[in-house]
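To be precise, the following lines are coords_26.txt, and they hold compact mmCIF, C-alpha atoms.
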```txt
# COMPACT_ATOMS: atom_id res chain seq x y z
CA MET A 52 16.04 -29.83 2.20
CA ALA A 53 13.72 -32.61 3.17
CA GLU A 54 16.33 -34.28 5.38
CA ASP A 55 15.96 -31.48 7.87
CA GLY A 56 12.52 -32.69 8.82
CA PRO A 57 8.97 -31.73 8.17
CA PRO A 58 7.92 -28.11 7.97
CA GLU A 59 5.65 -26.60 10.55
CA ARG A 60 2.11 -27.73 10.19
CA PRO A 61 -1.03 -26.21 11.53
CA LEU A 62 -2.37 -27.66 14.72
CA ARG A 63 -5.34 -29.68 13.60
CA THR A 64 -8.09 -30.40 16.05
CA ASP A 65 -10.68 -31.82 13.72
CA GLY A 66 -9.25 -35.33 13.78
CA GLU A 67 -10.26 -37.58 10.94
CA GLY A 68 -11.62 -36.24 7.74
CA ASP A 69 -9.00 -33.65 6.86
CA ASP A 70 -9.45 -32.72 3.27
CA ASP A 71 -6.24 -30.87 2.71
CA GLY A 72 -4.27 -33.86 1.48
CA PHE A 73 -1.45 -33.96 4.01
CA ASP A 74 0.56 -37.09 3.42
CA ASP A 75 1.45 -39.59 6.05
CA GLU A 76 5.00 -38.37 5.73
CA GLY A 77 3.84 -34.83 6.35
CA PHE A 78 6.11 -33.30 3.74
CA ASP A 79 6.94 -33.85 0.13
CA SER A 80 10.06 -35.24 -1.37
CA GLU A 81 10.61 -32.10 -3.45
CA GLY A 82 11.56 -29.47 -0.91
CA PHE A 83 9.25 -27.76 1.50
CA ASP A 84 5.58 -27.28 0.90
CA GLY A 85 5.96 -23.52 1.02
CA ASP A 86 8.56 -23.11 -1.73
CA ARG A 87 6.22 -21.71 -4.36
CA HIS A 88 4.63 -19.36 -1.87
CA ARG A 89 8.00 -18.13 -0.68
CA ILE A 90 9.34 -17.55 -4.17
CA LEU A 91 6.22 -15.75 -5.38
CA ARG A 92 6.40 -13.56 -2.29
CA GLU A 93 9.95 -12.56 -3.22
CA VAL A 94 8.72 -11.76 -6.74
CA VAL A 95 6.05 -9.45 -5.29
CA ARG A 96 8.67 -7.76 -3.17
CA GLU A 97 11.18 -7.36 -5.99
CA LEU A 98 8.63 -6.05 -8.47
CA GLY A 99 7.65 -3.52 -5.82
CA ARG A 100 11.14 -1.96 -6.14
CA HIS A 101 11.03 -1.71 -9.90
CA PRO A 102 10.51 1.80 -11.27
CA VAL A 103 8.12 0.65 -14.01
CA VAL A 104 5.85 -1.20 -11.56
CA VAL A 105 2.86 0.63 -10.08
CA ASP A 106 1.54 -2.22 -7.98
CA ALA A 107 2.35 -5.91 -7.47
CA ARG A 108 0.36 -8.45 -5.48
CA GLY A 109 -0.54 -12.09 -5.17
CA HIS A 110 -3.34 -13.15 -7.46
CA PRO A 111 -5.93 -14.35 -6.82
CA PRO A 112 -5.75 -13.21 -3.19
CA SER A 113 -7.27 -16.47 -1.95
CA THR A 114 -4.98 -19.05 -3.57
CA PHE A 115 -1.92 -16.90 -4.43
CA THR A 116 -1.00 -18.99 -7.46
CA ALA A 117 0.48 -16.06 -9.38
CA VAL A 118 1.79 -12.53 -9.03
CA ARG A 119 0.08 -9.79 -10.96
CA ALA A 120 1.76 -6.42 -11.45
CA THR A 121 0.36 -3.27 -12.98
CA LEU A 122 3.02 -1.52 -15.05
CA ALA A 123 3.44 2.06 -16.21
CA PRO A 124 5.38 1.55 -19.48
CA GLU A 125 5.03 5.27 -20.24
CA ARG A 126 7.95 5.59 -17.79
CA TRP A 127 9.92 3.83 -20.53
CA GLY A 128 8.42 6.10 -23.17
CA HIS A 129 5.99 3.42 -24.32
CA ASP A 130 2.32 4.33 -24.45
CA ALA A 131 -0.10 1.70 -23.20
CA SER A 132 -3.49 2.27 -21.64
CA GLU A 133 -3.30 -0.87 -19.57
CA ALA A 134 -0.23 -3.01 -19.04
CA THR A 135 0.27 -5.97 -16.72
CA LEU A 136 2.93 -8.53 -15.93
CA ARG A 137 1.84 -11.93 -14.65
CA VAL A 138 4.35 -14.24 -12.99
CA THR A 139 3.90 -17.92 -12.18
CA TRP A 140 6.45 -20.31 -10.69
CA ARG A 141 6.36 -24.05 -10.04
CA PRO A 142 9.32 -25.26 -7.96
CA LEU A 143 9.85 -28.46 -9.95
CA ASP A 144 13.26 -29.78 -10.98
CA PRO A 145 14.01 -27.72 -13.02
CA PRO A 146 11.52 -24.98 -12.04
CA GLU A 147 8.81 -24.01 -14.51
CA PHE A 148 7.96 -20.35 -14.73
CA ALA A 149 6.35 -17.66 -16.83
CA PHE A 150 6.81 -13.88 -16.86
CA HIS A 151 4.09 -12.70 -19.21
CA PHE A 152 3.35 -9.13 -20.27
CA SER A 153 0.01 -7.99 -21.71
CA GLU A 154 -1.23 -4.73 -23.13
CA PRO A 155 -4.21 -4.15 -25.43
CA GLY A 156 -3.43 -5.82 -28.77
CA PHE A 157 -0.09 -7.34 -27.73
CA ASP A 158 1.24 -9.86 -25.26
CA CYS A 159 4.60 -11.55 -24.81
CA GLY A 160 6.45 -13.58 -22.25
CA TRP A 161 9.54 -15.47 -21.15
CA HIS A 162 8.63 -18.97 -20.11
CA ARG A 163 10.45 -22.03 -18.88
CA GLU A 164 8.41 -25.11 -19.65
CA PRO A 165 8.55 -27.69 -22.40
CA ASN A 166 6.89 -26.37 -25.52
CA PRO A 167 6.30 -28.27 -28.75
CA HIS A 168 7.18 -25.21 -30.84
CA VAL A 169 10.80 -24.76 -29.75
CA ASP A 170 13.85 -26.73 -28.67
CA GLY A 171 14.99 -26.23 -25.14
CA GLU A 172 12.80 -25.31 -22.23
CA ILE A 173 13.29 -21.55 -22.04
CA HIS A 174 11.57 -19.58 -24.73
CA TYR A 175 10.13 -16.22 -25.62
CA GLN A 176 6.68 -15.99 -27.17
CA GLU A 177 4.63 -13.11 -28.48
CA ARG A 178 1.52 -12.36 -30.45
CA ALA A 179 -0.18 -9.23 -31.70
CA ASP A 180 -3.83 -8.48 -32.31
CA GLY A 181 -5.07 -11.89 -31.21
CA GLY A 182 -3.01 -13.73 -33.87
CA ASP A 183 -0.97 -16.89 -33.32
CA TYR A 184 2.01 -16.88 -31.02
CA SER A 185 5.48 -16.89 -32.47
CA TYR A 186 8.13 -18.70 -30.41
CA GLU A 187 11.86 -18.37 -30.03
CA SER A 188 14.36 -20.28 -27.87
CA VAL A 189 16.26 -17.98 -25.52
CA ASP A 190 18.86 -18.18 -22.77
CA LEU A 191 18.36 -16.36 -19.51
CA ASP A 192 21.27 -15.46 -17.19
CA GLY A 193 19.34 -15.27 -13.95
CA ASP A 194 18.87 -18.37 -11.80
CA THR A 195 16.59 -17.14 -9.07
CA ALA A 196 13.16 -15.59 -9.52
CA VAL A 197 14.50 -12.37 -8.01
CA GLU A 198 17.19 -12.02 -10.69
CA LEU A 199 14.71 -12.94 -13.38
CA VAL A 200 12.44 -10.05 -12.36
CA TRP A 201 15.21 -7.65 -13.37
CA GLU A 202 16.44 -9.55 -16.41
CA VAL A 203 12.97 -10.07 -17.88
CA THR A 204 11.86 -6.49 -17.29
CA GLU A 205 15.02 -5.27 -19.06
CA ARG A 206 14.28 -7.55 -22.01
CA LEU A 207 10.70 -6.32 -21.99
CA ARG A 208 11.84 -2.70 -22.03
CA GLU A 209 13.98 -3.41 -25.09
CA ARG A 210 11.14 -5.24 -26.82
CA LEU A 211 8.65 -2.45 -26.19
CA ASP A 212 11.22 0.07 -27.38
CA ARG A 213 11.18 -1.61 -30.78
CA ARG A 214 7.37 -1.54 -30.88
CA ARG A 215 7.08 2.15 -30.19
CA MET B 164 21.51 -10.07 -23.31
CA ASP B 165 24.43 -8.42 -21.58
CA ARG B 166 24.18 -9.23 -17.89
CA GLU B 167 25.25 -5.70 -17.01
CA ALA B 168 22.19 -4.29 -18.78
CA TRP B 169 19.86 -5.60 -16.10
CA THR B 170 22.14 -5.82 -13.07
CA GLU B 171 22.73 -2.08 -13.42
CA THR B 172 19.01 -1.29 -13.11
CA TRP B 173 18.80 -3.75 -10.22
CA ALA B 174 21.70 -2.09 -8.40
CA GLU B 175 20.14 1.34 -8.92
CA ASN B 176 16.95 0.20 -7.20
CA ALA B 177 18.13 -2.27 -4.57
CA THR B 178 21.01 -2.00 -2.10
CA ALA B 179 23.65 -4.71 -1.82
CA PHE B 180 21.87 -6.00 1.28
CA ASP B 181 18.52 -6.08 -0.53
CA ARG B 182 20.06 -7.99 -3.45
CA VAL B 183 21.73 -10.54 -1.18
CA ARG B 184 18.53 -10.91 0.81
CA GLY B 185 16.40 -11.34 -2.31
CA VAL B 186 18.67 -13.98 -3.85
CA ALA B 187 19.10 -15.85 -0.56
CA MET B 188 15.34 -15.87 0.08
CA SER B 189 14.52 -17.22 -3.38
CA VAL B 190 17.03 -20.10 -3.67
CA ASP B 191 15.76 -23.55 -4.59
CA GLU B 192 18.32 -25.33 -2.42
CA PRO B 193 20.90 -24.36 0.23
CA ARG B 194 23.68 -22.32 -1.36
CA PRO B 195 27.13 -21.10 -0.26
CA ALA B 196 28.07 -17.42 0.03
CA THR B 197 30.06 -17.54 -3.25
CA TRP B 198 26.94 -18.58 -5.18
CA VAL B 199 24.85 -15.84 -3.59
CA ALA B 200 27.61 -13.26 -4.18
CA ASP B 201 27.85 -14.04 -7.90
CA ARG B 202 24.12 -13.60 -8.39
CA SER B 203 23.70 -10.55 -6.17
CA VAL B 204 26.59 -8.71 -7.86
CA VAL B 205 28.50 -8.15 -4.63
CA ALA B 206 31.91 -9.23 -3.32
CA GLU B 207 31.98 -12.54 -1.50
CA SER B 208 32.95 -10.86 1.78
CA THR B 209 29.96 -8.53 1.44
CA ALA B 210 27.62 -11.42 0.72
CA ARG B 211 28.95 -13.36 3.69
CA ALA B 212 28.49 -10.41 6.06
CA HIS B 213 24.90 -9.82 4.90
CA LEU B 214 24.07 -13.52 5.00
CA GLU B 215 25.34 -13.78 8.58
CA ARG B 216 23.21 -10.80 9.52
CA LEU B 217 20.17 -12.52 7.98
CA VAL B 218 21.00 -15.62 10.02
CA ASP B 219 21.11 -13.48 13.18
CA LEU B 220 17.71 -12.05 12.27
CA GLY B 221 16.28 -15.55 11.90
CA ALA B 222 15.51 -15.18 8.20
CA LEU B 223 18.13 -17.72 7.07
CA ARG B 224 19.56 -20.85 8.56
CA THR B 225 22.88 -22.45 7.86
CA GLY B 226 23.99 -25.91 6.83
CA SER B 227 27.14 -27.29 5.31
CA SER B 228 28.08 -28.91 2.06
CA GLY B 229 31.54 -30.01 0.99
CA GLY B 230 33.09 -28.06 3.88
CA ALA B 231 31.36 -24.79 2.90
CA THR B 232 28.64 -23.09 4.92
CA THR B 233 25.35 -23.00 3.03
CA TYR B 234 22.39 -20.71 3.55
CA GLU B 235 18.68 -21.21 2.99
CA PRO B 236 15.47 -19.51 4.14
CA ASP B 237 14.31 -20.54 7.59
CA PRO B 238 10.86 -22.12 7.06
CA ALA B 239 9.58 -20.88 10.42
CA TYR B 240 10.50 -17.30 9.52
CA VAL B 241 8.93 -17.61 6.08
CA ARG B 242 5.80 -19.05 7.60
CA PHE B 243 5.36 -16.38 10.23
CA ARG B 244 6.01 -13.62 7.70
CA GLU B 245 3.05 -14.87 5.64
CA VAL B 246 0.70 -15.31 8.58
CA ARG B 247 1.58 -11.80 9.73
CA ARG B 248 0.77 -10.44 6.28
CA LEU B 249 -2.57 -12.26 6.11
CA VAL B 250 -3.60 -10.91 9.51
CA ASP B 251 -2.53 -7.38 8.55
CA ASP B 252 -4.24 -7.36 5.15
CA HIS B 253 -7.51 -9.20 5.76
CA ASP B 254 -10.24 -9.61 8.33
CA PRO B 255 -11.27 -13.04 9.68
CA ASP B 256 -14.29 -13.30 7.35
CA GLU B 257 -12.12 -12.77 4.29
CA LEU B 258 -9.55 -15.27 5.56
CA THR B 259 -12.27 -17.86 6.14
CA ALA B 260 -13.65 -17.28 2.63
CA PHE B 261 -10.13 -17.65 1.16
CA ALA B 262 -9.68 -20.93 3.04
CA ALA B 263 -12.94 -22.22 1.56
CA GLU B 264 -11.71 -21.36 -1.96
CA VAL B 265 -8.41 -23.13 -1.40
CA LYS B 266 -10.23 -26.21 -0.09
CA ASP B 267 -12.34 -26.20 -3.25
CA GLU B 268 -9.16 -26.26 -5.35
CA ILE B 269 -7.80 -29.18 -3.35
CA ALA B 270 -11.11 -31.03 -3.69
CA ALA B 271 -11.02 -30.47 -7.46
CA LEU B 272 -7.51 -31.95 -7.72
CA ARG B 273 -8.53 -34.88 -5.55
CA GLU B 274 -11.48 -35.56 -7.80
CA THR B 275 -9.73 -34.97 -11.13
CA HIS B 276 -6.90 -37.33 -10.28
CA ASP B 277 -8.75 -39.67 -7.95
CA ALA B 278 -5.88 -39.34 -5.49
CA ASP B 279 -5.55 -38.63 -1.78
CA SER B 280 -2.31 -36.69 -1.69
CA PRO B 281 0.35 -34.97 -3.79
CA ALA B 282 2.75 -37.76 -2.83
CA GLU B 283 0.44 -40.23 -4.53
CA LEU B 284 0.56 -38.16 -7.73
CA ARG B 285 4.35 -38.11 -7.58
CA ARG B 286 4.48 -41.86 -7.10
CA ARG B 287 2.28 -42.27 -10.17
CA ALA B 288 4.58 -39.94 -12.09
CA THR B 289 7.48 -42.34 -11.54
CA SER B 290 5.54 -45.44 -12.58
CA ALA B 291 6.86 -47.31 -15.62
CA GLU B 292 3.41 -47.19 -17.25
CA THR B 293 3.26 -43.39 -17.12
CA SER B 294 4.31 -41.50 -20.25
CA ALA B 295 6.66 -38.52 -20.00
CA ASP B 296 3.83 -36.07 -20.74
CA GLU B 297 1.54 -37.66 -18.18
CA ALA B 298 4.34 -37.64 -15.63
CA ARG B 299 4.86 -33.93 -16.16
CA ASP B 300 1.17 -33.20 -15.72
CA LEU B 301 1.10 -35.27 -12.53
CA ARG B 302 4.11 -33.42 -11.12
CA ARG B 303 2.48 -30.10 -11.92
CA ALA B 304 -0.74 -31.17 -10.23
CA ALA B 305 1.25 -32.38 -7.21
CA SER B 306 3.05 -29.04 -7.07
CA ASP B 307 -0.27 -27.18 -7.18
CA TRP B 308 -1.73 -29.38 -4.46
CA THR B 309 1.30 -28.87 -2.24
CA HIS B 310 1.02 -25.12 -2.72
CA TYR B 311 -2.69 -25.13 -1.88
CA ARG B 312 -2.29 -27.07 1.31
CA TYR B 313 0.54 -24.80 2.46
CA ARG B 314 -1.66 -21.81 1.67
CA LEU B 315 -4.52 -23.41 3.58
CA SER B 316 -2.31 -24.02 6.60
CA LEU B 317 -1.33 -20.32 6.60
CA LEU B 318 -4.97 -19.24 6.36
CA ASP B 319 -5.96 -21.63 9.16
CA ASP B 320 -3.20 -20.21 11.37
CA ALA B 321 -4.15 -16.63 10.55
CA VAL B 322 -7.78 -17.27 11.51
CA ALA B 323 -6.91 -19.22 14.67
CA ARG B 324 -4.38 -16.61 15.85
CA TYR B 325 -6.13 -13.53 14.53
CA ASP B 326 -6.85 -11.87 17.87
CA GLU B 327 -3.39 -12.64 19.16
CA TYR B 328 -1.56 -11.25 16.12
CA HIS B 329 -3.87 -8.44 15.12
CA THR B 330 -2.16 -5.17 15.93
CA GLY B 331 -5.30 -3.19 16.63
CA SER B 332 -5.47 -1.16 13.45
CA PRO B 333 -8.93 -1.27 11.88
CA ALA B 334 -9.48 -4.31 9.68
CA PRO B 335 -10.08 -3.48 6.02
CA ALA B 336 -13.74 -3.34 5.10
```

For this file, write the structure as structure tokens.
Amino acid sequence: MAEDGPPERPLRTDGEGDDDGFDDEGFDSEGFDGDRHRILREVVRELGRHPVVVDARGHPPSTFTAVRATLAPERWGHDASEATLRVTWRPLDPPEFAFHFSEPGFDCGWHREPNPHVDGEIHYQERADGGDYSYESVDLDGDTAVELVWEVTERLRERLDRRR
Amino acid sequence: MDREAWTETWAENATAFDRVRGVAMSVDEPRPATWVADRSVVAESTARAHLERLVDLGALRTGSSGGATTYEPDPAYVRFREVRRLVDDHDPDELTAFAAEVKDEIAALRETHDADSPAELRRRATSAETSADEARDLRRAASDWTHYRYRLSLLDDAVARYDEYHTGSPAPA
């Protein structure tokens, strides 16, 4: 991607003393600066189509480092007073991500990042009632964040089904 | 898990065009129509037609690899889409406050790592004296920094162009 040239940059009129850390090269070696932003935006959009999602938005609204969705798992027949899905994504090589569900007394998630508890980078983790996490290596079919929205929510539905 | 278990729910809630668009807009590198078709659960001819439409709309741009046409999001389109959203969802005071928060995050990274840019962190990550764990942390910090400065550039643009882009609907309180 980088061979195509630098991405658009804001017109800066304040001369010296920028504190935003633009490099001399103007762009990074690992793709465009906006990759994480773009991918998280697609996650917001995709979650917005999902029947179990009530609301999805960038969080926090200032830095947009994650997506936070409010879920209505009762639409799956699962009672929960408050249920959220938090999604993070770092466009590294390979990407690191987390799709993490929380409800009172239980949380679980599908993560791709090295973890000392399991072999392989993709794993599922869960804990109940504030106990320790248990970990399990898993394979995911989806490559893109958009596919993973649907794959992970289906896995979540199955997991919550067994908790009912 | 059976792939059909989740692609079925996806297909019930997103049209073929929406699926192609979503996959194409979230790729991590330029991809050919066959790749997009496999992941969007559509025929290759369908994917190609939708991808070409997205190129016409300015959302994607084309390249070539090994004789095949590849598609990737157009950075100018992606950028304007975000600035438009910021202007629609926030007033200039909120945008200015957001920019200040993002600058604080950048300043914290600069101080924590005693570095001037994400590129410097990535250079350190490749140094022979850096352990694998340290290298990973440095790449993560560089990725965060890169994200923050992109976010800051969007916020700066939204503030600078607010009057020009604002559509006239009342700004949220």

Which residues are near Ala134 in chain A? Cut-off 6 Å, all atoms listed in the file, ignore same chain within fewer than 4 positions. Put them as a PyMOL selection string. chain A and resi 122+153-154

Residue nearest Pro146 in chain A - candidates A:Ala120, A:Ile173, A:Val189, A:Leu207, atoms counted: all atoms listed in the file: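 Among the listed residues, A:Ile173 lies closest to Pro146 in chain A.
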
List the neighbours of range 167-179 of chain B out to 7 Å using only C-alpha atoms; skip same-chain residues closer than 3 positions along the sequence, and give me the result as a list in words.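 Everything that qualifies: Arg100, His101, Trp201, Glu202 and Glu205 of chain A; Arg182, Val183 and Val205 of chain B.
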
From B:Arg324, B:Arg248, B:Arg184, B:His310, residue lying nearest chain A [all atoms listed in the file]: B:His310

What are the closest atom pairs, with distances in Å to one decimal, for all residues of chain B lying within 7 Å of chain A? Consider all atoms listed in the file, order rows by chain and residue number, and present the result as a Markdown table.
```
| residue | atom | partner | partner_atom | distance |
| --- | --- | --- | --- | --- |
| B:Arg166 | CA | A:Asp192 | CA | 6.9 |
| B:Trp169 | CA | A:Glu202 | CA | 5.2 |
| B:Trp173 | CA | A:Trp201 | CA | 6.2 |
| B:Asn176 | CA | A:Arg100 | CA | 6.3 |
| B:Gly185 | CA | A:Val197 | CA | 6.1 |
| B:Val186 | CA | A:Val197 | CA | 6.1 |
| B:Ser189 | CA | A:Ile90 | CA | 5.3 |
| B:Val190 | CA | A:Thr195 | CA | 6.2 |
| B:Glu192 | CA | A:Met52 | CA | 6.8 |
| B:Pro238 | CA | A:Pro58 | CA | 6.7 |
| B:Ala239 | CA | A:Glu59 | CA | 6.9 |
| B:Val241 | CA | A:Arg89 | CA | 6.8 |
| B:Phe261 | CA | A:Ser113 | CA | 4.4 |
| B:Glu264 | CA | A:Ser113 | CA | 6.6 |
| B:Val265 | CA | A:Thr114 | CA | 5.8 |
| B:Lys266 | CA | A:Asp71 | CA | 6.7 |
| B:Ile269 | CA | A:Asp71 | CA | 6.5 |
| B:Asp279 | CA | A:Gly72 | CA | 5.9 |
| B:Ser280 | CA | A:Gly72 | CA | 4.7 |
| B:Ala282 | CA | A:Asp79 | CA | 6.5 |
| B:Ser306 | CA | A:Arg141 | CA | 6.7 |
| B:Thr309 | CA | A:Asp84 | CA | 5.5 |
| B:His310 | CA | A:Asp84 | CA | 6.2 |
| B:Tyr311 | CA | A:Thr114 | CA | 6.7 |
| B:Arg312 | CA | A:Asp71 | CA | 5.7 |
| B:Tyr313 | CA | A:Gly85 | CA | 5.8 |
| B:Arg314 | CA | A:Thr114 | CA | 6.8 |
| B:Ser316 | CA | A:Pro61 | CA | 5.5 |
| B:Asp320 | CA | A:Pro61 | CA | 6.4 |
```

How many Å separate CA of Leu220 in chain B from CA of Arg242 in chain B?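 CA of Leu220 in chain B sits 14.6 Å away from CA of Arg242 in chain B.
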
Go through A:Arg126, A:Arg213, A:His110, A:Arg178 one by one, measure the shortest atom-to-atom distance of each to Thr139 in chain A using all atoms listed in the file, and give the residue with the smallest value. A:His110

Enclose all atoms of range 144-160 of chain A listed in the file in an axis-aligned box, grow every side by 8 Å, and hand back centre and edge lengths in Å to one decimal, as AutoDock Vina command-line options.
```
--center_x 4.9 --center_y -17.0 --center_z -19.9 --size_x 34.2 --size_y 41.6 --size_z 33.8
```

Fewer than 6 positions away in the same chain doesn't count, so skip those; otherwise give me all residues within 9 Å of Phe180 in chain B, counting all atoms listed in the file, as a list in words. Ser203, Thr209, Ala210, His213 and Leu214 of chain B

For CA of Ser290 in chain B and CA of Arg302 in chain B, the interatomic separation in Å (one decimal):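 Distance between the two atoms: 12.2 Å.
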
Long-range neighbours of Ala288 in chain B as a PyMOL selection string, 9 Å cut-off, only C-alpha atoms, 6 positions minimum in chain: chain B and resi 294-295+297-302

Can you list, as a VMD selection string, every protein, DNA or RNA residue that comes within 12 Å of Tyr186 in chain A when you count all atoms listed in the file, leaving out same-chain residues fewer than 4 positions away? chain A and resid 159 to 162 166 to 178

For CA of Thr330 in chain B and CA of Leu317 in chain B, determine how far apart the two atoms are, in Å to one decimal place.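 Calculated distance between CA of Thr330 in chain B and CA of Leu317 in chain B is 17.8 Å.
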